[in-house]
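S.K.: Just one file: my_file-v5.csv, with CSV, C-alpha atoms.
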```csv
chain,number,residue,atom,x,y,z
A,1,MET,CA,14.2,-6.2,31.3
A,2,ALA,CA,14.8,-9.9,30.7
A,3,ASN,CA,11.5,-10.9,32.2
A,4,LYS,CA,9.5,-8.1,30.5
A,5,LYS,CA,7.8,-9.1,27.2
A,6,PRO,CA,9.1,-6.9,24.4
A,7,THR,CA,6.7,-4.5,22.6
A,8,PHE,CA,5.3,-5.8,19.3
A,9,VAL,CA,5.4,-3.1,16.6
A,10,SER,CA,4.3,-3.6,13.0
A,11,MET,CA,4.5,-1.2,10.0
A,12,ASP,CA,2.9,-1.2,6.6
A,13,LEU,CA,5.4,0.6,4.4
A,14,GLY,CA,3.2,1.4,1.5
A,15,THR,CA,3.8,3.6,-1.5
A,16,ALA,CA,0.7,5.6,-0.7
A,17,ASN,CA,0.4,5.4,3.1
A,18,THR,CA,2.5,4.4,6.0
A,19,LEU,CA,0.7,2.7,8.9
A,20,VAL,CA,2.0,1.8,12.4
A,21,TYR,CA,0.5,-0.6,14.8
A,22,ILE,CA,1.6,-1.1,18.5
A,23,ALA,CA,0.3,-4.1,20.5
A,24,GLY,CA,-2.1,-2.9,23.2
A,25,GLN,CA,-2.6,0.5,21.5
A,26,GLY,CA,-3.8,-0.3,18.0
A,27,ILE,CA,-3.1,1.6,14.9
A,28,VAL,CA,-1.3,4.8,16.1
A,29,TYR,CA,-0.3,6.2,12.7
A,30,ASN,CA,-1.9,6.2,9.2
A,31,GLU,CA,-0.7,9.0,6.9
A,32,PRO,CA,0.6,9.5,3.4
A,33,SER,CA,4.2,8.2,2.7
A,34,ILE,CA,5.5,11.7,1.9
A,35,VAL,CA,8.4,13.7,3.3
A,36,ALA,CA,9.0,17.5,2.8
A,37,TYR,CA,12.5,18.9,3.1
A,38,ARG,CA,13.9,22.4,3.3
A,39,ILE,CA,16.5,22.1,0.6
A,40,LYS,CA,19.2,24.5,2.0
A,41,GLU,CA,19.4,22.8,5.4
A,42,ASN,CA,18.4,19.3,4.1
A,43,LYS,CA,16.1,19.2,7.1
A,44,ILE,CA,12.6,17.5,7.3
A,45,ILE,CA,9.9,20.1,7.9
A,46,ALA,CA,6.8,17.9,7.4
A,47,VAL,CA,5.8,14.3,7.1
A,48,GLY,CA,2.5,12.6,6.2
A,49,GLU,CA,-0.6,14.7,5.9
A,50,GLU,CA,1.3,18.0,6.4
A,51,ALA,CA,3.8,17.1,3.6
A,52,TYR,CA,0.9,15.9,1.4
A,53,LYS,CA,-0.7,19.3,1.5
A,54,MET,CA,2.5,20.8,0.1
A,55,ILE,CA,2.4,18.7,-3.2
A,56,GLY,CA,2.2,21.1,-6.1
A,57,LYS,CA,2.1,24.1,-3.8
A,58,GLY,CA,5.6,24.3,-2.6
A,59,ASN,CA,8.4,26.7,-3.6
A,60,LYS,CA,12.1,26.4,-4.7
A,61,THR,CA,13.2,26.1,-1.1
A,62,ILE,CA,11.1,23.0,-0.4
A,63,ARG,CA,11.5,19.5,-1.8
A,64,VAL,CA,8.6,17.0,-1.4
A,65,VAL,CA,9.6,13.3,-1.9
A,66,ARG,CA,8.0,9.9,-1.7
A,67,PRO,CA,10.5,7.5,0.0
A,68,MET,CA,8.9,4.6,-1.9
A,69,VAL,CA,7.7,4.8,-5.5
A,70,ASP,CA,6.0,1.9,-7.4
A,71,GLY,CA,6.8,-0.4,-4.5
A,72,VAL,CA,10.5,0.3,-4.6
A,73,ILE,CA,12.5,2.2,-2.0
A,74,THR,CA,13.9,5.2,-4.0
A,75,ASP,CA,15.5,7.0,-1.0
A,76,ILE,CA,16.6,4.8,1.9
A,77,ARG,CA,17.8,7.9,3.9
A,78,ALA,CA,14.4,9.6,3.4
A,79,THR,CA,12.7,6.3,4.6
A,80,GLU,CA,14.8,6.3,7.8
A,81,ALA,CA,14.3,10.0,8.4
A,82,GLN,CA,10.5,9.5,7.8
A,83,LEU,CA,10.3,6.7,10.4
A,84,ARG,CA,12.4,8.6,12.9
A,85,TYR,CA,10.2,11.6,12.5
A,86,ILE,CA,7.0,9.6,12.9
A,87,PHE,CA,8.1,7.8,16.1
A,88,SER,CA,9.5,11.1,17.5
A,89,LYS,CA,6.1,12.8,16.7
A,90,LEU,CA,4.2,9.9,18.4
A,91,ARG,CA,6.6,10.1,21.4
A,92,ILE,CA,7.0,6.3,21.4
A,93,THR,CA,10.8,6.1,20.8
A,94,LYS,CA,11.2,4.5,24.2
A,95,GLN,CA,8.7,1.7,23.4
A,96,LEU,CA,10.8,0.8,20.4
A,97,ARG,CA,13.8,-0.2,22.5
A,98,HIS,CA,14.1,-4.0,22.6
A,99,SER,CA,10.9,-4.3,20.6
A,100,ILE,CA,10.0,-7.1,18.1
A,101,MET,CA,9.2,-5.4,14.8
A,102,LEU,CA,7.3,-6.7,11.7
A,103,LEU,CA,7.6,-4.8,8.4
A,104,ALA,CA,5.1,-5.5,5.7
A,105,CYS,CA,6.7,-4.6,2.3
A,106,PRO,CA,5.8,-4.8,-1.4
A,107,SER,CA,6.9,-8.1,-3.0
A,108,VAL,CA,9.1,-6.2,-5.5
A,109,ILE,CA,11.6,-4.9,-3.0
A,110,THR,CA,15.1,-6.5,-3.2
A,111,GLU,CA,17.0,-8.5,-0.6
A,112,LEU,CA,19.3,-5.5,-0.3
A,113,GLU,CA,16.4,-3.2,0.4
A,114,LYS,CA,15.1,-5.7,3.0
A,115,THR,CA,18.5,-5.7,4.7
A,116,ALA,CA,18.5,-1.9,4.7
A,117,LEU,CA,15.0,-1.8,6.2
A,118,LYS,CA,16.0,-4.3,8.9
A,119,LYS,CA,19.0,-2.1,9.7
A,120,ILE,CA,16.8,1.0,10.0
A,121,ALA,CA,14.5,-0.9,12.4
A,122,VAL,CA,17.4,-2.0,14.5
A,123,ASN,CA,18.7,1.6,14.6
A,124,LEU,CA,15.3,2.6,15.9
A,125,GLY,CA,15.7,0.2,18.8
A,126,ALA,CA,14.2,-3.2,17.6
A,127,ASP,CA,15.9,-6.4,18.9
A,128,GLN,CA,14.4,-8.6,16.2
A,129,VAL,CA,13.0,-7.6,12.8
A,130,PHE,CA,10.8,-9.7,10.5
A,131,VAL,CA,9.8,-8.8,6.9
A,132,GLU,CA,6.7,-10.2,5.3
A,133,GLU,CA,5.1,-9.5,1.9
A,134,GLU,CA,2.2,-7.1,1.9
A,135,VAL,CA,0.0,-9.4,-0.2
A,136,LYS,CA,0.2,-12.2,2.5
A,137,MET,CA,-0.6,-9.7,5.3
A,138,ALA,CA,-3.4,-8.3,3.1
A,139,ALA,CA,-5.0,-11.7,2.7
A,140,LEU,CA,-4.9,-12.3,6.4
A,141,GLY,CA,-6.3,-8.9,7.3
A,142,GLY,CA,-8.8,-9.1,4.5
A,143,GLY,CA,-10.5,-12.1,6.1
A,144,VAL,CA,-9.0,-15.0,4.2
A,145,ASN,CA,-8.0,-18.1,6.1
A,146,ILE,CA,-4.5,-18.4,4.7
A,147,TYR,CA,-3.7,-21.3,7.0
A,148,ALA,CA,-6.2,-23.7,5.5
A,149,PRO,CA,-4.9,-26.3,3.0
A,150,THR,CA,-6.9,-24.7,0.2
A,151,GLY,CA,-6.0,-22.2,-2.5
A,152,ASN,CA,-7.0,-18.6,-2.3
A,153,LEU,CA,-6.3,-15.8,-4.9
A,154,ILE,CA,-5.6,-12.3,-3.6
A,155,VAL,CA,-5.4,-9.1,-5.6
A,156,ASP,CA,-3.8,-6.4,-3.5
A,157,MET,CA,-4.0,-3.1,-5.3
A,158,GLY,CA,-1.8,-0.6,-3.5
A,159,GLY,CA,-0.5,2.8,-4.4
A,160,GLY,CA,2.5,1.8,-6.4
A,161,THR,CA,2.0,-1.9,-7.3
A,162,THR,CA,-0.7,-4.5,-7.6
A,163,ASP,CA,0.4,-7.8,-6.1
A,164,ILE,CA,-1.5,-11.0,-7.2
A,165,ALA,CA,-0.9,-14.1,-5.2
A,166,VAL,CA,-2.1,-17.6,-4.6
A,167,LEU,CA,-1.9,-18.6,-0.9
A,168,ALA,CA,-2.4,-22.0,0.7
A,169,SER,CA,-1.3,-23.6,4.0
A,170,GLY,CA,0.0,-20.4,5.5
A,171,ASP,CA,2.2,-19.1,2.8
A,172,ILE,CA,2.5,-17.8,-0.8
A,173,VAL,CA,2.5,-20.5,-3.4
A,174,LEU,CA,3.1,-18.1,-6.3
A,175,SER,CA,2.8,-14.4,-6.9
A,176,LYS,CA,3.3,-11.8,-9.6
A,177,SER,CA,3.5,-8.0,-9.4
A,178,ILE,CA,2.7,-5.1,-11.8
A,179,LYS,CA,3.4,-1.4,-11.5
A,180,VAL,CA,-0.2,-0.6,-12.3
A,181,ALA,CA,-2.0,0.6,-9.1
A,182,GLY,CA,-3.5,3.7,-7.5
A,183,ASN,CA,-0.8,6.2,-8.6
A,184,TYR,CA,-0.8,4.8,-12.1
A,185,LEU,CA,-4.6,5.3,-12.3
A,186,ASN,CA,-4.1,8.9,-11.2
A,187,ASP,CA,-1.5,9.4,-13.9
A,188,GLU,CA,-3.9,8.0,-16.5
A,189,CYS,CA,-6.6,10.5,-15.4
A,190,GLN,CA,-4.1,13.3,-15.7
A,191,LYS,CA,-3.1,12.3,-19.3
A,192,PHE,CA,-6.8,12.0,-20.3
A,193,ILE,CA,-7.7,15.5,-19.0
A,194,ARG,CA,-4.7,16.9,-20.8
A,195,SER,CA,-5.3,15.2,-24.2
A,196,GLN,CA,-9.1,15.5,-24.2
A,197,TYR,CA,-9.6,18.9,-22.7
A,198,GLY,CA,-6.1,20.6,-23.0
A,199,LEU,CA,-6.1,21.1,-19.3
A,200,GLU,CA,-3.1,20.5,-17.0
A,201,ILE,CA,-4.1,19.2,-13.6
A,202,GLY,CA,-2.0,18.1,-10.6
A,203,SER,CA,-1.7,14.6,-9.1
A,204,LYS,CA,-4.0,15.5,-6.1
A,205,THR,CA,-6.8,16.6,-8.5
A,206,ALA,CA,-6.4,13.4,-10.5
A,207,GLU,CA,-6.7,11.3,-7.4
A,208,SER,CA,-9.8,13.3,-6.5
A,209,ILE,CA,-11.3,12.4,-9.9
A,210,LYS,CA,-10.6,8.7,-9.3
A,211,VAL,CA,-12.1,8.7,-5.8
A,212,ASN,CA,-15.1,10.9,-6.5
A,213,VAL,CA,-16.3,9.7,-9.9
A,214,GLY,CA,-14.1,6.7,-10.7
A,215,SER,CA,-15.9,3.4,-11.4
A,216,LEU,CA,-15.9,0.2,-13.5
A,217,ALA,CA,-19.6,-0.2,-13.6
A,218,LYS,CA,-22.6,2.2,-13.6
A,219,TYR,CA,-23.7,3.3,-10.1
A,220,PRO,CA,-26.7,5.2,-8.7
A,221,ASP,CA,-26.7,9.0,-8.6
A,222,GLU,CA,-23.9,9.4,-11.1
A,223,ARG,CA,-22.9,13.1,-11.4
A,224,ARG,CA,-20.5,15.2,-13.4
A,225,MET,CA,-17.5,16.6,-11.6
A,226,LYS,CA,-16.0,20.1,-12.0
A,227,VAL,CA,-12.3,20.1,-12.5
A,228,TYR,CA,-9.9,23.1,-12.2
A,229,GLY,CA,-6.5,23.4,-13.8
A,230,ARG,CA,-4.3,25.3,-16.2
A,231,ASP,CA,-5.0,25.6,-19.9
A,232,VAL,CA,-2.1,24.2,-21.8
A,233,VAL,CA,-2.4,26.8,-24.6
A,234,SER,CA,-3.2,30.1,-22.8
A,235,GLY,CA,-1.6,29.2,-19.5
A,236,LEU,CA,-4.7,30.6,-17.7
A,237,PRO,CA,-6.8,28.8,-15.0
A,238,ARG,CA,-9.8,27.1,-16.5
A,239,GLU,CA,-12.7,24.9,-15.4
A,240,ILE,CA,-14.2,21.8,-17.1
A,241,GLU,CA,-16.8,19.2,-16.3
A,242,ILE,CA,-16.2,15.5,-16.7
A,243,THR,CA,-18.6,12.5,-16.6
A,244,PRO,CA,-18.3,9.2,-14.7
A,245,GLU,CA,-18.6,7.5,-18.1
A,246,GLU,CA,-15.4,9.2,-19.3
A,247,VAL,CA,-13.4,8.2,-16.2
A,248,ARG,CA,-14.8,4.7,-16.4
A,249,GLU,CA,-13.3,4.2,-19.9
A,250,VAL,CA,-10.0,5.7,-18.7
A,251,LEU,CA,-9.8,3.2,-15.7
A,252,LYS,CA,-10.8,0.1,-17.7
A,253,VAL,CA,-7.6,0.1,-19.7
A,254,PRO,CA,-5.1,-0.2,-16.8
A,255,VAL,CA,-7.4,-2.4,-14.8
A,256,SER,CA,-7.6,-4.8,-17.8
A,257,ARG,CA,-3.8,-5.1,-17.5
A,258,ILE,CA,-4.2,-6.3,-13.9
A,259,ILE,CA,-6.8,-8.8,-15.0
A,260,ASP,CA,-4.4,-10.1,-17.7
A,261,LEU,CA,-1.8,-10.7,-15.0
A,262,THR,CA,-4.4,-12.4,-12.9
A,263,VAL,CA,-5.0,-14.8,-15.8
A,264,GLN,CA,-1.3,-15.5,-16.0
A,265,VAL,CA,-1.2,-16.3,-12.3
A,266,LEU,CA,-4.2,-18.6,-12.7
A,267,GLU,CA,-2.5,-20.4,-15.7
A,268,ASP,CA,0.5,-21.1,-13.5
A,269,THR,CA,-1.5,-22.3,-10.5
A,270,PRO,CA,-1.4,-26.1,-9.7
A,271,PRO,CA,-4.6,-27.8,-10.8
A,272,GLU,CA,-5.8,-28.7,-7.3
A,273,LEU,CA,-5.4,-25.1,-6.0
A,274,ALA,CA,-7.1,-23.8,-9.2
A,275,GLY,CA,-10.1,-25.9,-8.3
A,276,ASP,CA,-10.1,-24.3,-4.8
A,277,ILE,CA,-10.0,-20.8,-6.4
A,278,PHE,CA,-12.9,-21.7,-8.6
A,279,ARG,CA,-14.9,-22.3,-5.4
A,280,ASN,CA,-13.4,-19.7,-3.1
A,281,GLY,CA,-13.1,-17.0,-5.7
A,282,ILE,CA,-11.0,-13.8,-5.7
A,283,THR,CA,-10.4,-11.4,-2.8
A,284,ILE,CA,-9.5,-7.8,-3.7
A,285,CYS,CA,-7.7,-5.6,-1.1
A,286,GLY,CA,-5.9,-2.3,-1.0
A,287,GLY,CA,-7.1,1.2,-2.1
A,288,GLY,CA,-8.0,-0.1,-5.5
A,289,ALA,CA,-10.7,-2.2,-4.0
A,290,LEU,CA,-12.7,1.0,-3.3
A,291,ILE,CA,-13.2,1.7,-7.0
A,292,ARG,CA,-16.9,1.3,-7.5
A,293,GLY,CA,-17.8,-1.9,-9.3
A,294,ILE,CA,-14.3,-3.4,-9.4
A,295,ASP,CA,-15.5,-6.7,-7.9
A,296,LYS,CA,-18.3,-7.0,-10.5
A,297,TYR,CA,-15.8,-6.1,-13.3
A,298,PHE,CA,-13.4,-8.9,-12.2
A,299,ALA,CA,-16.3,-11.4,-11.7
A,300,ASP,CA,-17.8,-10.7,-15.1
A,301,THR,CA,-14.4,-10.8,-16.9
A,302,LEU,CA,-12.9,-13.8,-15.2
A,303,GLN,CA,-16.2,-15.7,-14.5
A,304,LEU,CA,-15.1,-16.2,-10.9
A,305,PRO,CA,-16.8,-15.1,-7.7
A,306,THR,CA,-15.1,-11.9,-6.5
A,307,LYS,CA,-15.4,-10.1,-3.2
A,308,ILE,CA,-13.9,-7.0,-1.5
A,309,GLY,CA,-11.7,-7.9,1.5
A,310,GLU,CA,-12.6,-6.7,5.0
A,311,GLN,CA,-11.5,-3.1,5.5
A,312,PRO,CA,-9.5,-3.1,2.3
A,313,LEU,CA,-7.4,0.1,3.1
A,314,LEU,CA,-6.4,-1.4,6.5
A,315,ALA,CA,-6.0,-5.0,5.3
A,316,VAL,CA,-2.2,-5.1,5.4
A,317,ILE,CA,-1.8,-3.6,8.9
A,318,ASN,CA,-4.8,-5.7,10.2
A,319,GLY,CA,-3.0,-8.7,8.8
A,320,THR,CA,0.2,-7.9,10.8
A,321,LYS,CA,-2.0,-7.7,14.0
A,322,LYS,CA,-3.3,-11.2,13.3
A,323,PHE,CA,0.2,-12.4,12.5
A,324,GLU,CA,1.5,-11.3,15.9
A,325,SER,CA,0.9,-14.7,17.5
A,326,GLU,CA,2.9,-16.4,14.8
A,327,ILE,CA,5.8,-14.0,15.3
A,328,TRP,CA,5.9,-14.8,19.0
A,329,GLU,CA,6.0,-18.5,18.2
A,330,ILE,CA,9.0,-17.9,15.9
A,331,VAL,CA,10.7,-15.8,18.6
A,332,LYS,CA,10.1,-18.5,21.2
A,333,ALA,CA,11.5,-21.2,19.0
A,334,GLN,CA,14.6,-19.1,18.2
A,335,ARG,CA,15.2,-18.4,21.9
A,336,LEU,CA,14.8,-22.1,22.8
A,337,HIS,CA,17.3,-23.0,20.0
A,338,ASP,CA,19.8,-20.4,21.2
A,339,ASP,CA,19.4,-21.6,24.8
A,340,ILE,CA,20.1,-25.2,23.8
A,341,MET,CA,23.1,-24.2,21.7
A,342,SER,CA,24.6,-22.1,24.5
A,343,ARG,CA,24.6,-25.1,26.9
```
Do you think you could lay out the structure here as structure tokens?
M.R.:
Amino acid sequence: MANKKPTFVSMDLGTANTLVYIAGQGIVYNEPSIVAYRIKENKIIAVGEEAYKMIGKGNKTIRVVRPMVDGVITDIRATEAQLRYIFSKLRITKQLRHSIMLLACPSVITELEKTALKKIAVNLGADQVFVEEEVKMAALGGGVNIYAPTGNLIVDMGGGTTDIAVLASGDIVLSKSIKVAGNYLNDECQKFIRSQYGLEIGSKTAESIKVNVGSLAKYPDERRMKVYGRDVVSGLPREIEITPEEVREVLKVPVSRIIDLTVQVLEDTPPELAGDIFRNGITICGGGALIRGIDKYFADTLQLPTKIGEQPLLAVINGTKKFESEIWEIVKAQRLHDDIMSR
């Protein structure tokens, strides 16, 4: 075993989705970060897409949980159970033995949570575990040359948090985070439908509204969308139609908060790097990058060139793939150091 190169495994532990990459195999898992339990036995009955289908449609015997909410691990046991279930389902538990594992996590998780995650990875079979911030991996996977001695500004809009960071010479210079992201936008759509139309809708319907008609600028072939829910007065099912313009106004308020935080980051950026950002512009990654017209909205508001990163939904996990060579250099250096110290 000593002569065999360990398997490199990386994970994007996102609020919305969990992704797993294995060197030589590619991305082997990409499903919602949701776990469904049977309450009486406290036993997992579904994970990922299967559990997602149960949201709002379960019964008193089933509990559906998100192990990570707003970028924070709310249930460490559920997180470990989720990962064990995933690897068992993929039938790759043997490949995890003596592996080198890279975990991409939101910047808001604490050192205690990082330690807990590392412990989970070791329990799964990893020999060495590395933790990197998602925004750094998103920049790398989004097509930004983070190793150049120039400043780059990244806005990573995930499910629970939006991380905004300035990167240069291979690392984060400064970053800020806000709990305004995909799930928050869904909540705002829910609140609007309730207050404006007196209709109660679920989180999945709200997400569908955001995906199907959500935008920050007018786009071709705009159409109304039928929405079904429960009337808050009568309690009976009802149907309404909403317009893209209505949803646009709903989304502009929370996205403006992200722009305000971006301004704060720019104000704290060293002058030389700020000059680089003026030339290089802003790169938006994550699920939020798919909202129609978000790049134009940022560009018009901040007067800075703005682009959508490469494969924004996969930017973080793609970044971990590109970071693999650096991980091996770190491992090699550590082993050399240990060898020297043992002599």
S.K.: Would you pick out the contacts of stretch 64-67 of chain A at 7 Å or less, using only C-alpha atoms, so that residues sharing its chain but fewer than 2 positions from it are not included, and give the list as a list in words?
M.R.: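 Contacts, with the query itself left out: Ser33, Ile34, Val35, Ala36, Tyr37, Ala51, Ile55, Ile62, Val69, Ile73, Thr74, Asp75, Ile76, Ala78 and Thr79 of chain A.
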S.K.: When you count only C-alpha atoms, which of these residues is closest to A:Leu117: A:Val255, A:Ile44, A:Leu336, A:Leu13?
M.R.: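 When distances to A:Leu117 are compared using only C-alpha atoms, the smallest one comes from A:Leu13.
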S.K.: Please check which residues have atoms at most 10 Å from (-15.0, 10.3, -13.9) in the file's coordinates, counting only C-alpha atoms, and write them as a list of chain:residue names.
M.R.: A:Cys189, A:Ala206, A:Ser208, A:Ile209, A:Lys210, A:Val211, A:Asn212, A:Val213, A:Gly214, A:Ser215, A:Glu222, A:Arg223, A:Arg224, A:Met225, A:Glu241, A:Ile242, A:Thr243, A:Pro244, A:Glu245, A:Glu246, A:Val247, A:Arg248, A:Glu249, A:Val250, A:Leu251
S.K.: Considering only C-alpha atoms, return as number ranges by chain whatever protein or nucleic-acid residues lie within 8 Å of stretch 265-268 of chain A, sequence-local ones (same chain, fewer than 6 positions apart) excluded.
M.R.: A: 164-166, 174-176, 274
S.K.: Near A:Ile240, counting all atoms listed in the file, which residues have an atom at most 9 Å away, once you skip same-chain residues fewer than 2 positions from it, shown as a list in words?
M.R.: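 Within the cut-off, the hits are Tyr197, Leu199, Met225, Lys226, Val227, Tyr228, Gly229, Arg238 and Ile242 of chain A.
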S.K.: For A:Pro270, find every residue with an atom within 12 Å (counting only C-alpha atoms), except residues of its own chain fewer than 5 positions away, and show them as a list in words.
M.R.: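 Listing them by chain and then by number gives Thr150, Gly151, Asn152, Val166, Leu167, Ala168, Val173, Leu174, Val265, Gly275, Asp276 and Ile277 of chain A.
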S.K.: For atom CA of A:Gly48 and atom CA of A:Glu31, determine how far apart the two atoms are, in Å to one decimal place.
M.R.: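 Straight-line distance from atom CA of A:Gly48 to atom CA of A:Glu31 works out to 4.9 Å.
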S.K.: From the list A:Tyr29, A:Phe130, A:Phe87, A:Tyr147, which residue is nearest A:Thr320 when using only C-alpha atoms?
M.R.: A:Phe130
S.K.: Would you list the contacts of A:Tyr184 as number ranges by chain, taking every protein, DNA or RNA residue within 10 Å and counting all atoms listed in the file, but skipping same-chain residues closer than 6 positions in sequence?
M.R.: A: 70, 159-161, 190, 207, 251, 254
S.K.: Using only C-alpha atoms, which of the listed residues (A:Lys43, A:Arg335, A:Lys4, A:Arg77) sits closest to A:Thr61?
M.R.: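 Nearest to A:Thr61: A:Lys43.
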S.K.: Rank A:Ala16, A:Ile201, A:Leu83, A:Ile340 by their smallest atom-to-atom distance to A:Pro237, using only C-alpha atoms, and report the top residue only.
M.R.: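 Counting only C-alpha atoms, the residue closest to A:Pro237 is A:Ile201.
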S.K.: Could you add all heavy atoms to stretch 247-254 of chain A and give me the result as a PDB file, in the frame of the given file?
M.R.:
```
ATOM      1  N   VAL A 247     -14.443   8.757 -17.115  1.00  0.00           N
ATOM      2  CA  VAL A 247     -13.400   8.200 -16.200  1.00  0.00           C
ATOM      3  C   VAL A 247     -13.468   6.704 -16.191  1.00  0.00           C
ATOM      4  O   VAL A 247     -12.417   6.047 -16.112  1.00  0.00           O
ATOM      5  CB  VAL A 247     -13.705   8.764 -14.748  1.00  0.00           C
ATOM      6  CG1 VAL A 247     -12.649   8.234 -13.775  1.00  0.00           C
ATOM      7  CG2 VAL A 247     -13.707  10.287 -14.738  1.00  0.00           C
ATOM      8  N   ARG A 248     -14.657   6.137 -16.330  1.00  0.00           N
ATOM      9  CA  ARG A 248     -14.800   4.700 -16.400  1.00  0.00           C
ATOM     10  C   ARG A 248     -13.974   4.100 -17.535  1.00  0.00           C
ATOM     11  O   ARG A 248     -13.261   3.108 -17.374  1.00  0.00           O
ATOM     12  CB  ARG A 248     -16.275   4.333 -16.534  1.00  0.00           C
ATOM     13  CG  ARG A 248     -16.586   2.886 -16.311  1.00  0.00           C
ATOM     14  CD  ARG A 248     -17.984   2.663 -15.765  1.00  0.00           C
ATOM     15  NE  ARG A 248     -19.035   3.411 -16.432  1.00  0.00           N
ATOM     16  CZ  ARG A 248     -19.854   4.264 -15.810  1.00  0.00           C
ATOM     17  NH1 ARG A 248     -19.712   4.514 -14.515  1.00  0.00           N
ATOM     18  NH2 ARG A 248     -20.808   4.893 -16.461  1.00  0.00           N
ATOM     19  N   GLU A 249     -14.062   4.728 -18.693  1.00  0.00           N
ATOM     20  CA  GLU A 249     -13.300   4.200 -19.900  1.00  0.00           C
ATOM     21  C   GLU A 249     -11.813   4.394 -19.677  1.00  0.00           C
ATOM     22  O   GLU A 249     -11.039   3.568 -20.152  1.00  0.00           O
ATOM     23  CB  GLU A 249     -13.774   5.001 -21.126  1.00  0.00           C
ATOM     24  CG  GLU A 249     -15.204   4.696 -21.547  1.00  0.00           C
ATOM     25  CD  GLU A 249     -15.461   3.200 -21.688  1.00  0.00           C
ATOM     26  OE1 GLU A 249     -14.673   2.523 -22.386  1.00  0.00           O
ATOM     27  OE2 GLU A 249     -16.448   2.697 -21.094  1.00  0.00           O
ATOM     28  N   VAL A 250     -11.417   5.452 -18.953  1.00  0.00           N
ATOM     29  CA  VAL A 250     -10.000   5.700 -18.700  1.00  0.00           C
ATOM     30  C   VAL A 250      -9.462   4.549 -17.760  1.00  0.00           C
ATOM     31  O   VAL A 250      -8.382   3.991 -17.991  1.00  0.00           O
ATOM     32  CB  VAL A 250      -9.758   7.040 -17.998  1.00  0.00           C
ATOM     33  CG1 VAL A 250      -8.310   7.173 -17.505  1.00  0.00           C
ATOM     34  CG2 VAL A 250     -10.081   8.160 -18.977  1.00  0.00           C
ATOM     35  N   LEU A 251     -10.230   4.206 -16.721  1.00  0.00           N
ATOM     36  CA  LEU A 251      -9.800   3.200 -15.700  1.00  0.00           C
ATOM     37  C   LEU A 251      -9.799   1.788 -16.241  1.00  0.00           C
ATOM     38  O   LEU A 251      -9.016   0.946 -15.800  1.00  0.00           O
ATOM     39  CB  LEU A 251     -10.631   3.322 -14.459  1.00  0.00           C
ATOM     40  CG  LEU A 251     -10.594   4.647 -13.689  1.00  0.00           C
ATOM     41  CD1 LEU A 251     -11.453   4.557 -12.437  1.00  0.00           C
ATOM     42  CD2 LEU A 251      -9.168   5.027 -13.319  1.00  0.00           C
ATOM     43  N   LYS A 252     -10.685   1.504 -17.188  1.00  0.00           N
ATOM     44  CA  LYS A 252     -10.800   0.100 -17.700  1.00  0.00           C
ATOM     45  C   LYS A 252      -9.542  -0.391 -18.336  1.00  0.00           C
ATOM     46  O   LYS A 252      -9.209  -1.574 -18.222  1.00  0.00           O
ATOM     47  CB  LYS A 252     -11.982   0.033 -18.664  1.00  0.00           C
ATOM     48  CG  LYS A 252     -13.340  -0.098 -18.004  1.00  0.00           C
ATOM     49  CD  LYS A 252     -14.453  -0.248 -19.025  1.00  0.00           C
ATOM     50  CE  LYS A 252     -15.811  -0.389 -18.338  1.00  0.00           C
ATOM     51  NZ  LYS A 252     -16.916  -0.495 -19.322  1.00  0.00           N
ATOM     52  N   VAL A 253      -8.806   0.490 -18.996  1.00  0.00           N
ATOM     53  CA  VAL A 253      -7.600   0.100 -19.700  1.00  0.00           C
ATOM     54  C   VAL A 253      -6.520  -0.457 -18.750  1.00  0.00           C
ATOM     55  O   VAL A 253      -6.047  -1.593 -18.887  1.00  0.00           O
ATOM     56  CB  VAL A 253      -7.044   1.186 -20.610  1.00  0.00           C
ATOM     57  CG1 VAL A 253      -5.741   0.746 -21.276  1.00  0.00           C
ATOM     58  CG2 VAL A 253      -8.075   1.569 -21.667  1.00  0.00           C
ATOM     59  N   PRO A 254      -6.097   0.340 -17.747  1.00  0.00           N
ATOM     60  CA  PRO A 254      -5.100  -0.200 -16.800  1.00  0.00           C
ATOM     61  C   PRO A 254      -5.590  -1.363 -15.972  1.00  0.00           C
ATOM     62  O   PRO A 254      -4.831  -2.298 -15.699  1.00  0.00           O
ATOM     63  CB  PRO A 254      -4.740   1.024 -15.933  1.00  0.00           C
ATOM     64  CG  PRO A 254      -5.865   1.970 -16.102  1.00  0.00           C
ATOM     65  CD  PRO A 254      -6.397   1.759 -17.465  1.00  0.00           C
TER      66      PRO A 254
END
```
